[in-house]
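As structure tokens, the structure follows; a few thoughts come after it.
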Protein chains: 2
Amino acid sequence: MLLTFLGTGDAAGIPVYGCTCPICTRAKIERRFRRLPCSALLEIDDEHILIDAGRMDIADRFPVGSLSRIFLTHYHMDHVQGLFHLRWGCNTSIPVHGPDNANGCDDLFKHPGILDFSQVMKPFEKQFFGDIHVTPVPLNHSKMTYGYCFSIQNSRLAYLCDTSGLPAATLSFLQNWQPDHIVLDCTYPPQDSPPRNHNDYTMVLNLADKFKSSNFWLTHISHKLDLWFKEQLKSLPHNVQIARDDMEISFSRN
Amino acid sequence: MLLTFLGTGDAAGIPVYGCTCPICTRAKIERRFRRLPCSALLEIDDEHILIDAGRMDIADRFPVGSLSRIFLTHYHMDHVQGLFHLRWGCNTSIPVHGPDNANGCDDLFKHPGILDFSQVMKPFEKQFFGDIHVTPVPLNHSKMTYGYCFSIQNSRLAYLCDTSGLPAATLSFLQNWQPDHIVLDCTYPPQDSPPRNHNDYTMVLNLADKFKSSNFWLTHISHKLDLWFKEQLKSLPHNVQIARDDMEISFSRN
């Protein structure tokens, strides 16, 4: 099982348009420091699963037949904007699984084209796609949002973005499920009070302390967080890493 | 006055995802045959005006301060999708002028960020931006859509996309105004009956015949039209050209 981060930025991305902070200035010069719309590719045998679709080069990157399906965490634009062009394709159909949201985003449901939105996922209901099991878990966000728990044999990955903390039922599920890896929204540096729709670093530390045997990968990162990491952060807990675009997590079947 | 075509494709663009027609196959190999989301840049002295914002590289292409304003023909996604990322910028504000449409597109109006949508344009009401005069004219499309008539001294350019034919009042205005150049929606090859939301080539010929002293530049082109041009078309009328991405129209002040 291989997870590749295709994007690790928040909605503004890095560089932020017009920003002259050291993080954005560096990213303008060196592309490897950019953070594109938050998304990832999960590869398991012949299954190639896209998690969120905010990148605009999906058509170029994934020729017809190379994407098995897409899981959407939610219908905010930075997570779905890559679908508006893709839908007008031909000679193929791509299953797109997401939360039960009657509106979707703009006219995606009215004109789905080659995108098949028919298989809506229900919270905590495990579904099977070949050898892989997928369980959606509700998150705390301004729109209905799912995290996804992927497992194959005994390998377990939870992708939890966008969220502010975790609903009690989701926390309880995860504590029982014991993921090997948790990809987690960490948009902001420590704030005076918990943000409404995303985690700050304080909230992430709190969760990392609850899952001491899980490896955490922080994503959906703002330029303010990158700047804080650069200027303030002394060290990360042993089980926490900051994700970067194109970084890979490879994990074997136990 | 210089107009650069930044994109000349329909909503699917060229290549169409998954398509194996000769046009799409060629465009996959040679980037110069691609057609990106329909948009253009108009440069007049210090005014740099973006017409439609479907391209996703606006932030990279236009550093802060290099865009004076944006004119939107309408709020379909392939004409506005580049704004969703741009809006989260900082240290600047960009005026965005468009038709009076209460909904806009998705949450653009709810979260405009650095985009200033306050200056809505009214049909047939000329506005002045420095030395340039801009008059919006209504078009025939599934959403309220404006063409824009740009003039500086005696040079006149009409940008008319997306549209199926022209409303009588717009036709009358243009016949009186006598543009030097008309950039026109030509999405389809000749159809059995006029399409509802875009021009086919038959409708374009009909208009070109009405404006014999105007130069026509065809845009919003589908792969089907490019294929028809390649296989069927013998010659274009003397005043009609097929636009391509990156093509420029340079016109002097008379």
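Ligands are numbered from 1 in the order shown, residues from 1 within each chain, and chains are lettered A, B, ... in the order they appear in the structure tokens.
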>> Give me, as an MDAnalysis selection string, the residues of range 85-158 of chain B that a backbone DSSP run labels strand (DSSP E).
In response: chainID B and resid 94:97 115:116 127:129 132:138 146:152 155:158
Selection file, N, CA and C atoms, as a short mmCIF file (atom, residue, chain, number, x, y, z; two decimals), in the first residue's frame:
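Final file, again21.cif:
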data_model
loop_
_atom_site.label_atom_id
_atom_site.label_comp_id
_atom_site.auth_asym_id
_atom_site.auth_seq_id
_atom_site.Cartn_x
_atom_site.Cartn_y
_atom_site.Cartn_z
N ILE B 94 -8.55 43.04 -6.56
CA ILE B 94 -8.74 43.04 -8.02
C ILE B 94 -10.22 43.26 -8.32
N PRO B 95 -10.56 44.35 -9.04
CA PRO B 95 -11.95 44.54 -9.44
C PRO B 95 -12.37 43.46 -10.44
N VAL B 96 -13.53 42.86 -10.18
CA VAL B 96 -14.07 41.84 -11.09
C VAL B 96 -15.45 42.31 -11.52
N HIS B 97 -15.60 42.61 -12.81
CA HIS B 97 -16.87 43.12 -13.34
C HIS B 97 -17.59 42.00 -14.07
N LEU B 115 -11.09 39.65 -4.19
CA LEU B 115 -11.84 40.00 -5.42
C LEU B 115 -12.95 40.99 -5.08
N ASP B 116 -13.00 42.08 -5.82
CA ASP B 116 -13.99 43.13 -5.56
C ASP B 116 -15.08 43.06 -6.64
N GLN B 127 -18.89 52.22 -19.64
CA GLN B 127 -18.08 52.67 -18.50
C GLN B 127 -16.67 52.99 -18.98
N PHE B 128 -16.01 53.89 -18.27
CA PHE B 128 -14.68 54.34 -18.66
C PHE B 128 -13.65 53.81 -17.66
N PHE B 129 -12.61 53.24 -18.17
CA PHE B 129 -11.50 52.80 -17.33
C PHE B 129 -10.23 53.39 -17.95
N ILE B 132 -9.94 53.69 -21.88
CA ILE B 132 -10.72 52.65 -22.55
C ILE B 132 -12.20 52.73 -22.16
N HIS B 133 -13.06 52.52 -23.15
CA HIS B 133 -14.50 52.50 -22.91
C HIS B 133 -14.98 51.05 -23.05
N VAL B 134 -15.83 50.66 -22.12
CA VAL B 134 -16.32 49.28 -22.15
C VAL B 134 -17.85 49.29 -22.06
N THR B 135 -18.49 48.64 -23.01
CA THR B 135 -19.95 48.53 -23.00
C THR B 135 -20.35 47.06 -23.00
N PRO B 136 -21.05 46.61 -21.95
CA PRO B 136 -21.52 45.22 -21.94
C PRO B 136 -22.76 45.07 -22.83
N VAL B 137 -22.84 43.97 -23.55
CA VAL B 137 -24.02 43.68 -24.38
C VAL B 137 -24.53 42.28 -24.04
N PRO B 138 -25.84 42.11 -23.85
CA PRO B 138 -26.37 40.80 -23.48
C PRO B 138 -26.21 39.78 -24.61
N TYR B 146 -22.73 38.37 -20.67
CA TYR B 146 -22.40 39.61 -21.39
C TYR B 146 -21.31 39.35 -22.42
N GLY B 147 -21.47 39.99 -23.58
CA GLY B 147 -20.32 40.27 -24.42
C GLY B 147 -19.79 41.62 -23.96
N TYR B 148 -18.55 41.95 -24.35
CA TYR B 148 -17.98 43.25 -23.99
C TYR B 148 -17.45 43.95 -25.23
N CYS B 149 -17.83 45.22 -25.36
CA CYS B 149 -17.36 46.03 -26.47
C CYS B 149 -16.33 47.02 -25.94
N PHE B 150 -15.08 46.82 -26.37
CA PHE B 150 -13.97 47.65 -25.90
C PHE B 150 -13.59 48.64 -27.00
N SER B 151 -13.44 49.92 -26.62
CA SER B 151 -12.97 50.88 -27.62
C SER B 151 -11.96 51.84 -27.00
N ILE B 152 -10.99 52.18 -27.80
CA ILE B 152 -10.03 53.21 -27.42
C ILE B 152 -9.80 54.03 -28.68
N SER B 155 -10.46 52.49 -32.28
CA SER B 155 -10.30 51.04 -32.39
C SER B 155 -11.38 50.33 -31.58
N ARG B 156 -12.00 49.34 -32.20
CA ARG B 156 -13.15 48.71 -31.54
C ARG B 156 -13.08 47.18 -31.62
N LEU B 157 -13.23 46.58 -30.46
CA LEU B 157 -13.20 45.12 -30.37
C LEU B 157 -14.43 44.64 -29.61
N ALA B 158 -15.17 43.68 -30.19
CA ALA B 158 -16.30 43.06 -29.48
C ALA B 158 -15.93 41.63 -29.14
#
>> Residues of chain B were defined as contacting chain A if any atom lay at most 10 Å from it, counting only C-alpha atoms; please report them as an MDAnalysis selection string.
In response: chainID B and resid 10:13 15:20 28 37 55:60 62:65 76:78 81:82 84:93 104:108 114
All residues 6 Å or closer to range 194-210 of chain A, only C-alpha atoms, same chain fewer than 2 positions away omitted, as a PDB file with all heavy atoms, in the first residue's frame:
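Contents of around_7.pdb, freshly written:
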ATOM      1  N   HIS A 141     -16.636  19.958  10.327  1.00  0.00           N
ATOM      2  CA  HIS A 141     -16.291  20.969   9.342  1.00  0.00           C
ATOM      3  C   HIS A 141     -17.553  21.745   8.979  1.00  0.00           C
ATOM      4  O   HIS A 141     -18.654  21.365   9.371  1.00  0.00           O
ATOM      5  CB  HIS A 141     -15.661  20.280   8.114  1.00  0.00           C
ATOM      6  CG  HIS A 141     -14.923  21.212   7.204  1.00  0.00           C
ATOM      7  ND1 HIS A 141     -13.948  22.071   7.646  1.00  0.00           N
ATOM      8  CD2 HIS A 141     -15.002  21.413   5.861  1.00  0.00           C
ATOM      9  CE1 HIS A 141     -13.474  22.754   6.615  1.00  0.00           C
ATOM     10  NE2 HIS A 141     -14.105  22.389   5.517  1.00  0.00           N
ATOM     11  N   THR A 163     -11.006  19.018   9.171  1.00  0.00           N
ATOM     12  CA  THR A 163     -11.700  18.819  10.445  1.00  0.00           C
ATOM     13  C   THR A 163     -11.120  19.707  11.553  1.00  0.00           C
ATOM     14  O   THR A 163      -9.948  20.087  11.508  1.00  0.00           O
ATOM     15  CB  THR A 163     -11.621  17.332  10.873  1.00  0.00           C
ATOM     16  OG1 THR A 163     -12.554  17.080  11.924  1.00  0.00           O
ATOM     17  CG2 THR A 163     -10.211  16.950  11.345  1.00  0.00           C
ATOM     18  N   SER A 164     -11.998  20.022  12.499  1.00  0.00           N
ATOM     19  CA  SER A 164     -11.587  20.683  13.731  1.00  0.00           C
ATOM     20  C   SER A 164     -11.845  19.698  14.857  1.00  0.00           C
ATOM     21  O   SER A 164     -12.994  19.447  15.237  1.00  0.00           O
ATOM     22  CB  SER A 164     -12.415  21.959  13.943  1.00  0.00           C
ATOM     23  OG  SER A 164     -12.217  22.449  15.242  1.00  0.00           O
ATOM     24  N   ASP A 185      -5.551  16.944   9.211  1.00  0.00           N
ATOM     25  CA  ASP A 185      -5.643  18.397   9.011  1.00  0.00           C
ATOM     26  C   ASP A 185      -4.884  19.115  10.117  1.00  0.00           C
ATOM     27  O   ASP A 185      -5.147  18.933  11.308  1.00  0.00           O
ATOM     28  CB  ASP A 185      -7.145  18.765   9.058  1.00  0.00           C
ATOM     29  CG  ASP A 185      -7.433  20.256   8.911  1.00  0.00           C
ATOM     30  OD1 ASP A 185      -6.643  21.081   9.394  1.00  0.00           O
ATOM     31  OD2 ASP A 185      -8.478  20.562   8.326  1.00  0.00           O
ATOM     32  N   CYS A 186      -3.917  19.955   9.704  1.00  0.00           N
ATOM     33  CA  CYS A 186      -3.243  20.840  10.660  1.00  0.00           C
ATOM     34  C   CYS A 186      -3.017  22.167   9.938  1.00  0.00           C
ATOM     35  O   CYS A 186      -1.933  22.420   9.406  1.00  0.00           O
ATOM     36  CB  CYS A 186      -1.931  20.227  11.144  1.00  0.00           C
ATOM     37  SG  CYS A 186      -1.133  21.237  12.420  1.00  0.00           S
ATOM     38  N   THR A 187      -4.050  22.992   9.930  1.00  0.00           N
ATOM     39  CA  THR A 187      -4.014  24.211   9.111  1.00  0.00           C
ATOM     40  C   THR A 187      -3.266  25.352   9.791  1.00  0.00           C
ATOM     41  O   THR A 187      -2.547  26.103   9.138  1.00  0.00           O
ATOM     42  CB  THR A 187      -5.465  24.641   8.774  1.00  0.00           C
ATOM     43  OG1 THR A 187      -6.138  23.554   8.129  1.00  0.00           O
ATOM     44  CG2 THR A 187      -5.481  25.847   7.854  1.00  0.00           C
ATOM     45  N   TYR A 188      -3.428  25.473  11.102  1.00  0.00           N
ATOM     46  CA  TYR A 188      -2.932  26.685  11.779  1.00  0.00           C
ATOM     47  C   TYR A 188      -1.872  26.390  12.842  1.00  0.00           C
ATOM     48  O   TYR A 188      -1.880  25.325  13.464  1.00  0.00           O
ATOM     49  CB  TYR A 188      -4.094  27.396  12.483  1.00  0.00           C
ATOM     50  CG  TYR A 188      -5.255  27.732  11.593  1.00  0.00           C
ATOM     51  CD1 TYR A 188      -6.501  27.125  11.792  1.00  0.00           C
ATOM     52  CD2 TYR A 188      -5.128  28.649  10.564  1.00  0.00           C
ATOM     53  CE1 TYR A 188      -7.588  27.436  10.976  1.00  0.00           C
ATOM     54  CE2 TYR A 188      -6.205  28.961   9.747  1.00  0.00           C
ATOM     55  CZ  TYR A 188      -7.432  28.351   9.964  1.00  0.00           C
ATOM     56  OH  TYR A 188      -8.499  28.653   9.164  1.00  0.00           O
ATOM     57  N   PRO A 189      -1.025  27.383  13.132  1.00  0.00           N
ATOM     58  CA  PRO A 189      -0.184  27.308  14.336  1.00  0.00           C
ATOM     59  C   PRO A 189      -1.077  27.424  15.573  1.00  0.00           C
ATOM     60  O   PRO A 189      -2.269  27.717  15.442  1.00  0.00           O
ATOM     61  CB  PRO A 189       0.732  28.530  14.197  1.00  0.00           C
ATOM     62  CG  PRO A 189       0.049  29.464  13.256  1.00  0.00           C
ATOM     63  CD  PRO A 189      -0.822  28.630  12.367  1.00  0.00           C
ATOM     64  N   PRO A 190      -0.542  27.222  16.767  1.00  0.00           N
ATOM     65  CA  PRO A 190      -1.383  27.287  17.970  1.00  0.00           C
ATOM     66  C   PRO A 190      -2.173  28.591  18.051  1.00  0.00           C
ATOM     67  O   PRO A 190      -1.608  29.672  17.871  1.00  0.00           O
ATOM     68  CB  PRO A 190      -0.351  27.194  19.107  1.00  0.00           C
ATOM     69  CG  PRO A 190       0.785  26.438  18.509  1.00  0.00           C
ATOM     70  CD  PRO A 190       0.848  26.876  17.078  1.00  0.00           C
ATOM     71  N   LYS A 212      -0.754   7.092  20.499  1.00  0.00           N
ATOM     72  CA  LYS A 212       0.719   7.063  20.606  1.00  0.00           C
ATOM     73  C   LYS A 212       1.369   6.060  19.657  1.00  0.00           C
ATOM     74  O   LYS A 212       2.531   6.206  19.297  1.00  0.00           O
ATOM     75  CB  LYS A 212       1.137   6.763  22.046  1.00  0.00           C
ATOM     76  CG  LYS A 212       0.919   7.943  22.998  1.00  0.00           C
ATOM     77  CD  LYS A 212       1.720   7.752  24.283  1.00  0.00           C
ATOM     78  CE  LYS A 212       1.745   9.002  25.145  1.00  0.00           C
ATOM     79  NZ  LYS A 212       0.433   9.340  25.720  1.00  0.00           N
TER      80      LYS A 212
END
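Taking only C-alpha atoms into account, Gln119 in chain A lies nearest to A:Phe71 out of the set A:Phe71, A:Phe216, A:Tyr159, A:Phe211.
From CA of Gln191 in chain B back to CA of Pro22 in chain B, the distance works out to 20.6 Å.
Residues in contact with Gly7 in chain A at 7 Å, where only C-alpha atoms are counted and same-chain residues fewer than 4 positions away are skipped, are listed as Arg35, Leu36, Pro37, Cys38, Ser39, Ala40 and Asp245 of chain A.
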> Running DSSP on the backbone, which parts of range 137-192 of chain A land in alpha helix (DSSP H), as number ranges by chain?
Replying inline: A: 168-177
Residues just named, written with C-alpha atoms as a compact mmCIF listing (two decimals), in the first residue's frame:
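Once written, out.txt looks like this:
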# COMPACT_ATOMS: atom_id res chain seq x y z
CA ALA A 168 -16.94 11.71 19.73
CA ALA A 169 -18.23 8.77 17.66
CA THR A 170 -15.32 9.11 15.20
CA LEU A 171 -12.77 9.35 18.01
CA SER A 172 -14.23 6.26 19.62
CA PHE A 173 -14.21 4.35 16.30
CA LEU A 174 -10.56 5.26 15.69
CA GLN A 175 -9.47 4.35 19.21
CA ASN A 176 -10.94 0.93 18.66
CA TRP A 177 -9.63 0.64 15.07
> Distance CA of Leu41 in chain B-CA of Thr4 in chain B, one decimal place?
Replying inline: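 Value for the CA of Leu41 in chain B-CA of Thr4 in chain B distance: 5.1 Å.
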